[in-house]
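Everything below belongs to work-v4.cif, which stores mmCIF, C-alpha atoms.
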```cif
data_model
loop_
_atom_site.label_atom_id
_atom_site.label_comp_id
_atom_site.auth_asym_id
_atom_site.auth_seq_id
_atom_site.Cartn_x
_atom_site.Cartn_y
_atom_site.Cartn_z
CA MET A 1 197.53 259.91 91.79
CA ALA A 2 198.67 261.66 88.63
CA LEU A 3 201.02 258.78 87.88
CA LEU A 4 198.23 256.27 88.50
CA ASP A 5 195.86 258.14 86.19
CA GLU A 6 198.55 258.42 83.57
CA TRP A 7 199.29 254.69 83.87
CA ARG A 8 195.55 253.87 83.54
CA SER A 9 195.18 256.06 80.50
CA GLN A 10 198.20 254.48 78.88
CA ARG A 11 196.84 251.03 79.68
CA GLU A 12 193.50 251.87 78.03
CA GLU A 13 195.38 253.21 74.99
CA ARG A 14 197.40 250.02 74.78
CA GLN A 15 194.28 247.90 75.13
CA GLN A 16 192.55 249.94 72.43
CA GLU A 17 195.56 249.58 70.16
CA VAL A 18 195.60 245.78 70.76
CA ARG A 19 191.88 245.55 69.90
CA SER A 20 192.36 247.54 66.71
CA ARG A 21 195.29 245.38 65.67
CA GLN A 22 193.28 242.23 66.40
CA GLN A 23 190.48 243.57 64.19
CA GLU A 24 192.95 244.28 61.40
CA VAL A 25 194.48 240.79 61.67
CA ARG A 26 191.05 239.16 61.55
CA SER A 27 190.05 241.13 58.45
CA THR A 28 193.39 240.29 56.78
CA ILE A 29 192.99 236.60 57.57
CA ALA A 30 189.40 236.60 56.19
CA SER A 31 190.52 238.24 52.92
CA LEU A 32 193.43 235.81 52.58
CA GLN A 33 191.10 232.86 53.10
CA GLU A 34 188.74 234.11 50.39
CA VAL A 35 191.64 234.62 47.96
CA ARG A 36 193.01 231.16 48.77
CA LEU A 37 189.63 229.49 48.18
CA THR A 38 189.22 231.28 44.83
CA GLN A 39 192.74 230.39 43.76
CA GLY A 40 192.27 226.75 44.85
CA LEU A 41 189.07 226.39 42.82
CA HIS A 42 190.80 227.88 39.79
CA ASP A 43 193.83 225.55 40.20
CA ARG A 44 191.56 222.50 40.57
CA ASN A 45 189.73 223.31 37.36
CA TRP A 46 193.01 223.89 35.53
CA ARG A 47 194.47 220.58 36.74
CA GLN A 48 191.36 218.67 35.65
CA GLN A 49 191.49 220.24 32.17
CA ALA A 50 195.25 219.51 31.90
CA TYR A 51 194.69 215.90 32.98
CA ILE A 52 191.99 215.43 30.28
CA ASN A 53 194.26 216.99 27.61
CA LEU A 54 197.16 214.79 28.67
CA GLN A 55 195.01 211.66 28.44
CA GLN A 56 193.91 212.58 24.90
CA GLN A 57 197.49 213.28 23.78
CA THR A 58 198.71 210.02 25.32
CA GLN A 59 195.98 208.05 23.55
CA ARG A 60 196.85 209.63 20.18
CA PHE A 61 200.58 208.94 20.79
CA LEU A 62 199.96 205.31 21.69
CA THR A 63 197.77 204.79 18.59
CA ALA A 64 200.39 206.29 16.27
CA THR A 65 203.23 204.35 17.96
CA SER A 66 201.42 201.03 17.69
CA SER A 67 200.71 201.51 13.94
CA ASN A 68 204.36 202.49 13.31
CA ARG A 69 205.66 199.48 15.22
CA ARG A 70 203.37 197.15 13.32
CA ILE A 71 204.72 198.45 9.98
CA GLN A 72 208.34 198.22 11.20
CA ALA A 73 207.75 194.67 12.45
CA GLU A 74 206.49 193.55 9.05
CA LEU A 75 209.53 195.10 7.32
CA LEU A 76 211.90 193.52 9.89
CA ALA A 77 210.29 190.09 9.41
CA GLU A 78 210.85 190.29 5.65
CA LYS A 79 214.49 191.29 6.17
CA LEU A 80 215.00 188.45 8.66
CA ASP A 81 213.59 185.88 6.23
CA GLU A 82 215.91 187.12 3.50
CA PHE A 83 218.91 187.06 5.90
CA ALA A 84 218.09 183.51 7.00
CA ARG A 85 217.99 182.27 3.40
CA SER A 86 221.31 183.93 2.56
CA LEU A 87 222.88 182.64 5.82
CA SER A 88 221.80 179.05 5.07
CA LEU A 89 223.36 179.26 1.58
CA GLN A 90 226.62 180.67 2.95
CA THR A 91 226.70 178.01 5.69
CA ALA A 92 226.25 175.20 3.14
CA GLN A 93 229.08 176.57 0.98
CA PHE A 94 231.33 176.98 4.04
CA LEU A 95 230.65 173.42 5.21
CA ALA A 96 231.44 172.03 1.76
CA GLU A 97 234.73 173.91 1.63
CA ILE A 98 235.61 172.81 5.19
CA THR A 99 234.84 169.18 4.38
CA THR A 100 237.15 169.26 1.34
CA ASP A 101 239.95 170.91 3.33
CA ARG A 102 239.61 168.45 6.20
CA GLU A 103 239.75 165.45 3.84
CA LYS A 104 242.98 166.80 2.38
CA LEU A 105 244.35 167.52 5.87
CA ALA A 106 243.37 164.05 7.09
CA THR A 107 245.21 162.41 4.20
CA ALA A 108 248.35 164.45 4.86
CA THR A 109 248.14 163.83 8.63
CA LEU A 110 247.74 160.08 8.12
CA LYS A 111 250.84 160.00 5.95
CA GLU A 112 252.81 161.97 8.56
CA LEU A 113 251.57 159.72 11.36
CA ARG A 114 252.72 156.59 9.51
CA GLU A 115 256.16 158.06 9.00
CA PHE A 116 256.26 159.17 12.67
CA HIS A 117 255.22 155.67 13.79
CA VAL A 118 258.08 154.10 11.88
CA ASN A 119 260.59 156.56 13.30
CA LEU A 120 259.15 156.18 16.81
CA SER A 121 259.43 152.37 16.68
CA ALA A 122 263.09 152.59 15.71
CA THR A 123 263.76 155.19 18.43
CA LEU A 124 261.99 153.10 21.08
CA ALA A 125 264.09 150.06 20.19
CA ASP A 126 267.26 152.10 20.62
CA LEU A 127 266.04 153.57 23.90
CA ARG A 128 265.15 150.11 25.27
CA GLN A 129 268.63 148.88 24.46
CA GLN A 130 270.24 151.91 26.07
CA ARG A 131 268.05 151.59 29.14
CA GLN A 132 268.92 147.92 29.51
CA ASN A 133 272.61 148.74 29.33
CA ARG A 134 272.14 151.54 31.88
CA ILE A 135 270.28 149.20 34.22
CA GLU A 136 273.11 146.69 34.10
CA VAL A 137 275.66 149.42 34.89
CA LEU A 138 273.52 150.70 37.79
CA LYS A 139 273.12 147.19 39.19
CA ASN A 140 276.87 146.72 39.25
CA GLN A 141 277.43 150.13 40.84
CA THR A 142 274.69 149.51 43.42
CA GLN A 143 276.19 146.16 44.35
CA GLU A 144 279.63 147.71 44.79
CA LEU A 145 278.12 150.56 46.87
CA LEU A 146 276.23 148.11 49.09
CA THR A 147 279.38 146.09 49.68
CA ALA A 148 281.38 149.21 50.56
CA SER A 149 278.55 150.50 52.81
CA TYR A 150 278.35 147.14 54.60
CA LEU A 151 282.10 147.16 55.30
CA GLN A 152 281.99 150.78 56.41
CA ARG A 153 279.00 150.06 58.67
CA ILE A 154 280.86 147.17 60.28
CA GLN A 155 283.88 149.41 60.92
CA THR A 156 281.68 152.22 62.25
CA GLN A 157 279.80 149.80 64.50
CA ALA A 158 283.06 148.48 65.93
CA GLN A 159 284.31 152.03 66.52
CA LEU A 160 281.01 153.04 68.12
CA ASN A 161 281.11 149.96 70.35
CA ARG A 162 284.60 150.93 71.53
CA GLN A 163 283.52 154.53 72.12
CA LEU A 164 280.38 153.33 73.91
CA THR A 165 282.45 151.06 76.13
CA VAL A 166 284.78 153.93 77.04
CA TRP A 167 281.80 156.24 77.65
CA MET A 168 280.07 153.62 79.82
CA GLU A 169 283.22 153.20 81.90
CA ALA A 170 283.51 156.97 82.33
CA LEU A 171 279.82 157.23 83.18
CA ARG A 172 280.09 154.39 85.66
CA SER A 173 283.10 156.09 87.27
CA ASP A 174 281.26 159.43 87.44
CA ILE A 175 278.17 157.81 88.92
CA GLN A 176 280.28 155.97 91.49
CA SER A 177 282.07 159.16 92.46
CA TYR A 178 278.78 161.06 92.66
CA LEU A 179 277.24 158.34 94.85
CA GLN A 180 280.25 158.47 97.16
CA GLU A 181 279.99 162.23 97.34
CA LEU A 182 276.29 161.89 98.13
CA GLU A 183 277.20 159.40 100.85
CA LEU A 184 279.65 161.91 102.32
CA MET A 185 277.06 164.65 102.20
CA GLY A 186 274.42 162.38 103.75
CA GLU A 187 276.78 161.33 106.52
CA ALA A 188 277.65 164.94 107.32
CA ARG A 189 273.97 165.85 107.27
CA ARG A 190 273.07 162.91 109.55
CA ARG A 191 275.85 163.88 111.95
CA GLN A 192 274.63 167.47 111.99
CA LEU A 193 271.00 166.43 112.54
CA HIS A 194 272.01 163.98 115.30
CA GLN A 195 274.04 166.64 117.05
CA SER A 196 271.23 169.20 116.79
CA PHE A 197 268.77 166.56 118.06
CA GLN A 198 270.97 165.75 121.06
CA GLU A 199 271.39 169.45 121.85
CA SER A 200 267.64 170.01 121.58
CA ARG A 201 266.98 166.99 123.78
CA ALA A 202 269.44 168.18 126.44
CA GLN A 203 267.89 171.63 126.36
CA ARG A 204 264.40 170.15 126.81
CA LEU A 205 265.60 168.07 129.77
CA VAL A 206 267.16 171.14 131.42
CA GLU A 207 263.95 173.12 130.86
CA ALA A 208 261.90 170.25 132.32
CA GLN A 209 264.13 170.15 135.43
CA GLN A 210 263.79 173.93 135.83
CA ILE A 211 260.02 173.58 135.59
CA ARG A 212 260.08 170.86 138.30
CA ASP A 213 262.20 173.07 140.55
CA ARG A 214 259.87 176.03 140.10
CA HIS A 215 256.92 173.75 140.84
CA ALA A 216 258.56 172.49 144.07
CA ARG A 217 259.27 176.05 145.17
CA PHE A 218 255.70 177.04 144.38
CA GLN A 219 254.39 174.10 146.47
CA ALA A 220 256.62 175.13 149.39
CA GLN A 221 255.40 178.73 149.18
CA LEU A 222 251.81 177.51 148.94
CA HIS A 223 252.28 175.29 152.01
CA LEU A 224 253.79 178.17 154.00
CA TYR A 225 250.95 180.48 152.97
CA ARG A 226 248.46 177.78 154.06
CA GLN A 227 250.13 177.44 157.50
CA ASN A 228 250.11 181.21 158.03
CA LEU A 229 246.50 181.48 156.97
CA GLN A 230 245.50 178.56 159.23
CA PHE A 231 247.31 180.12 162.19
CA GLU A 232 245.59 183.45 161.61
CA VAL A 233 242.17 181.78 161.44
CA TRP A 234 242.43 179.03 164.08
CA GLY A 235 245.25 180.26 166.33
CA GLU A 236 247.08 177.78 168.65
CA HIS A 237 244.58 175.03 167.89
CA SER A 238 245.99 174.78 164.39
CA LYS A 239 249.46 173.58 165.56
CA MET A 240 248.32 169.98 165.85
CA ILE A 241 246.77 170.10 162.43
CA SER A 242 249.88 171.81 161.01
CA LYS A 243 252.16 169.14 162.50
CA SER A 244 250.23 166.38 160.79
CA HIS A 245 250.36 168.35 157.54
CA GLN A 246 254.10 168.94 158.01
CA GLN A 247 254.67 165.22 158.43
CA HIS A 248 252.67 164.60 155.27
CA HIS A 249 254.56 167.38 153.42
CA GLN A 250 257.92 165.95 154.56
CA GLY A 251 256.88 162.59 153.20
CA SER A 252 256.04 164.21 149.86
CA LYS A 253 259.45 165.96 149.93
CA VAL A 254 261.16 162.64 150.53
CA VAL A 255 259.32 161.21 147.56
CA SER A 256 260.00 164.25 145.35
CA LYS A 257 263.72 164.43 146.12
CA PRO A 258 264.51 161.00 144.68
CA VAL A 259 262.45 161.87 141.65
CA ALA A 260 264.43 165.11 141.16
CA ALA A 261 267.71 163.28 141.80
CA GLU A 262 266.72 160.60 139.35
CA ALA A 263 265.81 163.28 136.75
CA GLN A 264 269.17 164.99 137.40
CA ILE A 265 270.99 161.69 136.96
CA LYS A 266 269.09 161.01 133.75
CA LEU A 267 269.90 164.53 132.53
CA ASP A 268 273.61 164.09 133.25
CA THR A 269 273.75 160.68 131.65
CA ASN A 270 271.84 161.90 128.59
CA VAL A 271 274.08 164.96 128.22
CA LYS A 272 277.28 163.06 128.80
CA ALA A 273 276.30 160.03 126.75
CA GLN A 274 275.86 161.83 123.45
CA PRO A 275 277.07 159.34 120.85
CA VAL A 276 279.90 160.71 118.78
CA GLU A 277 280.58 158.76 115.67
CA ALA A 278 284.18 157.72 115.64
CA VAL A 279 285.56 157.71 112.14
CA LYS A 280 288.44 155.37 111.84
CA PRO A 281 290.97 156.91 109.46
CA ASN A 282 291.98 154.64 106.62
CA MET A 283 294.90 156.83 105.61
CA THR A 284 297.82 158.56 107.23
CA VAL A 285 298.14 162.21 108.17
CA LEU A 286 300.51 162.65 105.25
CA GLN A 287 297.84 161.54 102.76
CA GLU A 288 295.29 163.92 104.30
CA GLN A 289 297.81 166.76 104.07
CA GLN A 290 298.49 165.84 100.43
CA VAL A 291 294.79 165.99 99.53
CA TYR A 292 294.32 169.25 101.46
CA ASN A 293 297.31 170.89 99.74
CA TYR A 294 295.97 169.96 96.28
CA ILE A 295 292.52 171.37 97.09
CA ARG A 296 294.05 174.54 98.54
CA GLN A 297 296.15 175.20 95.41
CA GLY A 298 293.17 175.56 93.06
CA LYS A 299 289.75 177.15 93.18
CA GLY A 300 288.14 173.76 93.71
CA ALA A 301 288.53 170.15 92.63
CA ARG A 302 286.31 167.16 91.95
CA LEU A 303 286.79 163.68 93.37
CA THR A 304 288.18 162.29 90.11
CA GLU A 305 290.64 165.19 89.78
CA ILE A 306 291.89 164.72 93.35
CA GLU A 307 292.25 161.00 92.81
CA ALA A 308 294.23 161.48 89.58
CA ALA A 309 296.47 164.23 91.03
CA THR A 310 297.35 162.53 94.32
CA GLY A 311 297.66 158.99 92.93
CA LEU A 312 295.54 157.55 95.74
CA SER A 313 292.84 154.95 95.38
CA ARG A 314 289.15 155.81 95.36
CA VAL A 315 288.61 154.48 98.90
CA GLN A 316 291.61 156.36 100.31
CA THR A 317 290.55 159.58 98.59
CA VAL A 318 286.98 159.29 99.89
CA ASP A 319 288.19 158.56 103.44
CA ALA A 320 290.56 161.52 103.33
CA LEU A 321 287.81 163.86 102.11
CA ARG A 322 285.44 162.55 104.79
CA SER A 323 288.04 163.18 107.48
CA LEU A 324 288.76 166.71 106.21
CA LEU A 325 285.00 167.48 106.07
CA GLN A 326 284.62 166.28 109.66
CA LYS A 327 287.52 168.46 110.79
CA GLY A 328 286.05 171.48 108.96
CA SER A 329 289.16 172.04 106.85
CA ILE A 330 287.24 171.89 103.55
CA VAL A 331 283.67 172.42 102.34
CA GLN A 332 281.67 170.88 99.50
CA ARG A 333 279.83 173.02 96.92
CA ASP A 334 278.06 171.32 93.99
CA ARG A 335 280.42 168.30 93.85
CA LEU A 336 283.43 170.63 94.23
CA TYR A 337 285.69 170.48 97.27
CA LEU A 338 287.02 173.88 98.41
CA SER A 339 289.29 174.97 101.23
CA VAL A 340 287.75 177.07 103.97
CA ASP A 341 290.21 179.91 103.29
CA ALA A 342 289.17 180.18 99.62
CA VAL A 343 285.44 180.27 100.32
CA LYS A 344 283.80 183.66 100.65
CA VAL A 345 280.51 183.05 102.37
CA PRO A 346 277.94 185.73 101.42
CA VAL A 347 276.12 187.21 104.40
CA THR A 348 272.35 187.35 103.94
CA ILE A 349 270.07 189.24 106.30
CA THR A 350 266.64 187.70 106.72
CA ARG A 351 263.81 189.78 107.99
#
```
Rewrite the structure of this file - the entire thing - as structure tokens.
Amino acid sequence: MALLDEWRSQREERQQEVRSRQQEVRSTIASLQEVRLTQGLHDRNWRQQAYINLQQQTQRFLTATSSNRRIQAELLAEKLDEFARSLSLQTAQFLAEITTDREKLATATLKELREFHVNLSATLADLRQQRQNRIEVLKNQTQELLTASYLQRIQTQAQLNRQLTVWMEALRSDIQSYLQELELMGEARRRQLHQSFQESRAQRLVEAQQIRDRHARFQAQLHLYRQNLQFEVWGEHSKMISKSHQQHHQGSKVVSKPVAAEAQIKLDTNVKAQPVEAVKPNMTVLQEQQVYNYIRQGKGARLTEIEAATGLSRVQTVDALRSLLQKGSIVQRDRLYLSVDAVKVPVTITR
């Protein structure tokens, strides 16, 4: 309770102190407002009096300035009139002097121009004569140059025609050799495709026969299961029915066996009758060995190089290369023929 009483007394003291301070602040604000109003009235009166004084001074200054400018303008006008008169006199004297000087200069210039005209006429006559002589010399030189150029062009044209003929022959030979090489490559590719097609066809026929055999076995198993099921359901009465079904099944077996035999015969004939292209050699074994030895000596040779080195004809060389390609003794890489021993085949792993 003592603390509560003490706290209440302190609160009343604080409230009393706050009220006294509020009273002091109000009185201070009222006095400041009165002082500010008095000062504002005094400042307003002073500004009005200063504005009136400034207007009077400005009016007196403008009146004095306007009278001074009027006097100065009159003096300046008199000076300008005097300057204009003196300037007109000086201009007239200057023009007279200029006219006299120009007349003298014109007379001297006319005399010089006449002398220059005479000299220029003589010089032009000399220049025309020199130019005419120069033109004649240039005509003769041009004619000689044209004649020499024409002869040189004829010689160059003949030389170019010979070179073009030689180049055309070489190009024709290269094209012919390239076409023959393409023919060899196409033939090897056709042989490879035909062989792969025959192998694929034989494999499909074997798979088809296996499917037929599995189907026949499945039918037999199904028939046996049907007989067992019928016996279990119907008992002895089902023997008559099963006999009729057996006769019918035997008839189907008789029909299916010739079909399977016929398919087997077709399979054998198709497998055995794979057409193998027989290449008739147009050269001896010695010529093939000669071509193979030349290819094996180097890192590769073209058709023209082989033909020139062995001394064989184009047809013999092509037939020998075709035979060696069929035997697998050589390979072809970008129009180069290489021996199998010299080729290092890179192994690539594809994922």
Inset, instruction - Can you work out which one of A:Gln290, A:Ser339, A:Gln176, A:Gln210 has the shortest atom-to-atom distance to A:Val315, counting only C-alpha atoms? - result: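 Once distances to A:Val315 are computed over only C-alpha atoms, the minimum belongs to A:Gln176.
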Inset, instruction - Output the residue selection produced by the PyMOL selection byres ((chain A and resi 307) around 12) on the file above, formatted as a list in words. - result: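 Answer for the PyMOL selection byres ((chain A and resi 307) around 12): Ser173, Ser177, Gln287, Gln290, Val291, Tyr294, Ile295, Ala301, Arg302, Leu303, Thr304, Glu305, Ile306, Ala308, Ala309, Thr310, Gly311, Leu312, Ser313, Arg314, Val315, Gln316, Thr317, Val318, Asp319, Ala320 and Leu321 of chain A.
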Legend entry - Shortest interatomic distance to A:Asn293 - which of A:Leu338, A:Gln332, A:Gln143, A:Thr107, counting only C-alpha atoms: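 When distances to A:Asn293 are compared using only C-alpha atoms, the smallest one comes from A:Leu338.
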Legend entry - Distance in Å - atom CA of A:Ala148 versus atom CA of A:Arg162: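 For atom CA of A:Ala148 relative to atom CA of A:Arg162, the distance reads 21.3 Å.
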Inset, instruction - Work out how far apart atom CA of A:Arg322 and atom CA of A:Leu184 are and give it in Å to one decimal. - result: 6.3 Å
Legend entry - Separation of atom CA of A:Leu89 from atom CA of A:Ala77, in Å and rounded to one decimal: 18.7 Å
Starting from the structure just given, write a file holding stretch 24-61 of chain A with N, CA and C atoms, as a JSON list (two decimals), in the first residue's frame.
```
[["chain", "number", "residue", "atom", "x", "y", "z"],
["A", 24, "GLU", "N", 2.62, 27.30, -19.15],
["A", 24, "GLU", "CA", 3.75, 28.15, -19.56],
["A", 24, "GLU", "C", 3.87, 28.18, -21.08],
["A", 25, "VAL", "N", 3.72, 27.04, -21.73],
["A", 25, "VAL", "CA", 3.82, 27.00, -23.20],
["A", 25, "VAL", "C", 2.72, 27.82, -23.84],
["A", 26, "ARG", "N", 1.51, 27.78, -23.30],
["A", 26, "ARG", "CA", 0.42, 28.57, -23.88],
["A", 26, "ARG", "C", 0.71, 30.06, -23.75],
["A", 27, "SER", "N", 1.19, 30.48, -22.56],
["A", 27, "SER", "CA", 1.50, 31.90, -22.36],
["A", 27, "SER", "C", 2.63, 32.34, -23.29],
["A", 28, "THR", "N", 3.64, 31.47, -23.46],
["A", 28, "THR", "CA", 4.77, 31.80, -24.36],
["A", 28, "THR", "C", 4.30, 31.92, -25.79],
["A", 29, "ILE", "N", 3.44, 31.03, -26.21],
["A", 29, "ILE", "CA", 2.91, 31.07, -27.59],
["A", 29, "ILE", "C", 2.08, 32.32, -27.80],
["A", 30, "ALA", "N", 1.26, 32.74, -26.78],
["A", 30, "ALA", "CA", 0.43, 33.94, -26.93],
["A", 30, "ALA", "C", 1.29, 35.19, -27.06],
["A", 31, "SER", "N", 2.39, 35.24, -26.23],
["A", 31, "SER", "CA", 3.28, 36.42, -26.31],
["A", 31, "SER", "C", 4.00, 36.46, -27.64],
["A", 32, "LEU", "N", 4.41, 35.31, -28.12],
["A", 32, "LEU", "CA", 5.11, 35.26, -29.43],
["A", 32, "LEU", "C", 4.17, 35.66, -30.56],
["A", 33, "GLN", "N", 2.92, 35.28, -30.48],
["A", 33, "GLN", "CA", 1.97, 35.68, -31.52],
["A", 33, "GLN", "C", 1.75, 37.18, -31.53],
["A", 34, "GLU", "N", 1.67, 37.78, -30.31],
["A", 34, "GLU", "CA", 1.49, 39.24, -30.25],
["A", 34, "GLU", "C", 2.70, 39.96, -30.82],
["A", 35, "VAL", "N", 3.91, 39.48, -30.46],
["A", 35, "VAL", "CA", 5.13, 40.10, -31.00],
["A", 35, "VAL", "C", 5.18, 39.95, -32.51],
["A", 36, "ARG", "N", 4.80, 38.78, -33.01],
["A", 36, "ARG", "CA", 4.85, 38.55, -34.47],
["A", 36, "ARG", "C", 3.85, 39.44, -35.19],
["A", 37, "LEU", "N", 2.67, 39.64, -34.65],
["A", 37, "LEU", "CA", 1.68, 40.52, -35.28],
["A", 37, "LEU", "C", 2.19, 41.95, -35.31],
["A", 38, "THR", "N", 2.78, 42.41, -34.18],
["A", 38, "THR", "CA", 3.31, 43.78, -34.14],
["A", 38, "THR", "C", 4.43, 43.96, -35.14],
["A", 39, "GLN", "N", 5.32, 43.00, -35.18],
["A", 39, "GLN", "CA", 6.46, 43.08, -36.11],
["A", 39, "GLN", "C", 5.98, 43.02, -37.55],
["A", 40, "GLY", "N", 4.96, 42.21, -37.84],
["A", 40, "GLY", "CA", 4.44, 42.10, -39.21],
["A", 40, "GLY", "C", 3.81, 43.40, -39.65],
["A", 41, "LEU", "N", 3.06, 44.07, -38.77],
["A", 41, "LEU", "CA", 2.45, 45.35, -39.12],
["A", 41, "LEU", "C", 3.52, 46.38, -39.39],
["A", 42, "HIS", "N", 4.57, 46.39, -38.55],
["A", 42, "HIS", "CA", 5.66, 47.34, -38.76],
["A", 42, "HIS", "C", 6.37, 47.08, -40.07],
["A", 43, "ASP", "N", 6.64, 45.80, -40.40],
["A", 43, "ASP", "CA", 7.31, 45.45, -41.67],
["A", 43, "ASP", "C", 6.45, 45.81, -42.86],
["A", 44, "ARG", "N", 5.14, 45.64, -42.78],
["A", 44, "ARG", "CA", 4.25, 45.98, -43.89],
["A", 44, "ARG", "C", 4.28, 47.47, -44.15],
["A", 45, "ASN", "N", 4.24, 48.26, -43.10],
["A", 45, "ASN", "CA", 4.29, 49.71, -43.28],
["A", 45, "ASN", "C", 5.63, 50.14, -43.88],
["A", 46, "TRP", "N", 6.70, 49.49, -43.43],
["A", 46, "TRP", "CA", 8.03, 49.87, -43.94],
["A", 46, "TRP", "C", 8.17, 49.51, -45.43],
["A", 47, "ARG", "N", 7.62, 48.36, -45.81],
["A", 47, "ARG", "CA", 7.71, 47.94, -47.22],
["A", 47, "ARG", "C", 6.89, 48.86, -48.09],
["A", 48, "GLN", "N", 5.71, 49.29, -47.63],
["A", 48, "GLN", "CA", 4.90, 50.22, -48.43],
["A", 48, "GLN", "C", 5.62, 51.54, -48.62],
["A", 49, "GLN", "N", 6.24, 52.08, -47.56],
["A", 49, "GLN", "CA", 6.97, 53.33, -47.67],
["A", 49, "GLN", "C", 8.17, 53.20, -48.58],
["A", 50, "ALA", "N", 8.88, 52.03, -48.50],
["A", 50, "ALA", "CA", 10.05, 51.81, -49.38],
["A", 50, "ALA", "C", 9.63, 51.67, -50.83],
["A", 51, "TYR", "N", 8.46, 51.04, -51.08],
["A", 51, "TYR", "CA", 7.96, 50.90, -52.44],
["A", 51, "TYR", "C", 7.62, 52.26, -53.04],
["A", 52, "ILE", "N", 7.00, 53.15, -52.23],
["A", 52, "ILE", "CA", 6.64, 54.50, -52.72],
["A", 52, "ILE", "C", 7.91, 55.28, -53.02],
["A", 53, "ASN", "N", 8.92, 55.20, -52.11],
["A", 53, "ASN", "CA", 10.18, 55.93, -52.35],
["A", 53, "ASN", "C", 10.89, 55.42, -53.60],
["A", 54, "LEU", "N", 10.84, 54.11, -53.80],
["A", 54, "LEU", "CA", 11.50, 53.53, -54.98],
["A", 54, "LEU", "C", 10.81, 53.96, -56.26],
["A", 55, "GLN", "N", 9.48, 54.06, -56.24],
["A", 55, "GLN", "CA", 8.77, 54.53, -57.42],
["A", 55, "GLN", "C", 9.15, 55.97, -57.75],
["A", 56, "GLN", "N", 9.23, 56.82, -56.73],
["A", 56, "GLN", "CA", 9.60, 58.23, -56.96],
["A", 56, "GLN", "C", 11.01, 58.34, -57.51],
["A", 57, "GLN", "N", 11.96, 57.58, -56.95],
["A", 57, "GLN", "CA", 13.34, 57.62, -57.45],
["A", 57, "GLN", "C", 13.41, 57.12, -58.89],
["A", 58, "THR", "N", 12.67, 56.04, -59.18],
["A", 58, "THR", "CA", 12.69, 55.51, -60.55],
["A", 58, "THR", "C", 12.12, 56.51, -61.52],
["A", 59, "GLN", "N", 11.07, 57.21, -61.16],
["A", 59, "GLN", "CA", 10.47, 58.21, -62.05],
["A", 59, "GLN", "C", 11.44, 59.35, -62.32],
["A", 60, "ARG", "N", 12.14, 59.82, -61.25],
["A", 60, "ARG", "CA", 13.12, 60.89, -61.45],
["A", 60, "ARG", "C", 14.27, 60.44, -62.33],
["A", 61, "PHE", "N", 14.70, 59.15, -62.13],
["A", 61, "PHE", "CA", 15.82, 58.62, -62.95],
["A", 61, "PHE", "C", 15.41, 58.50, -64.41]]
```
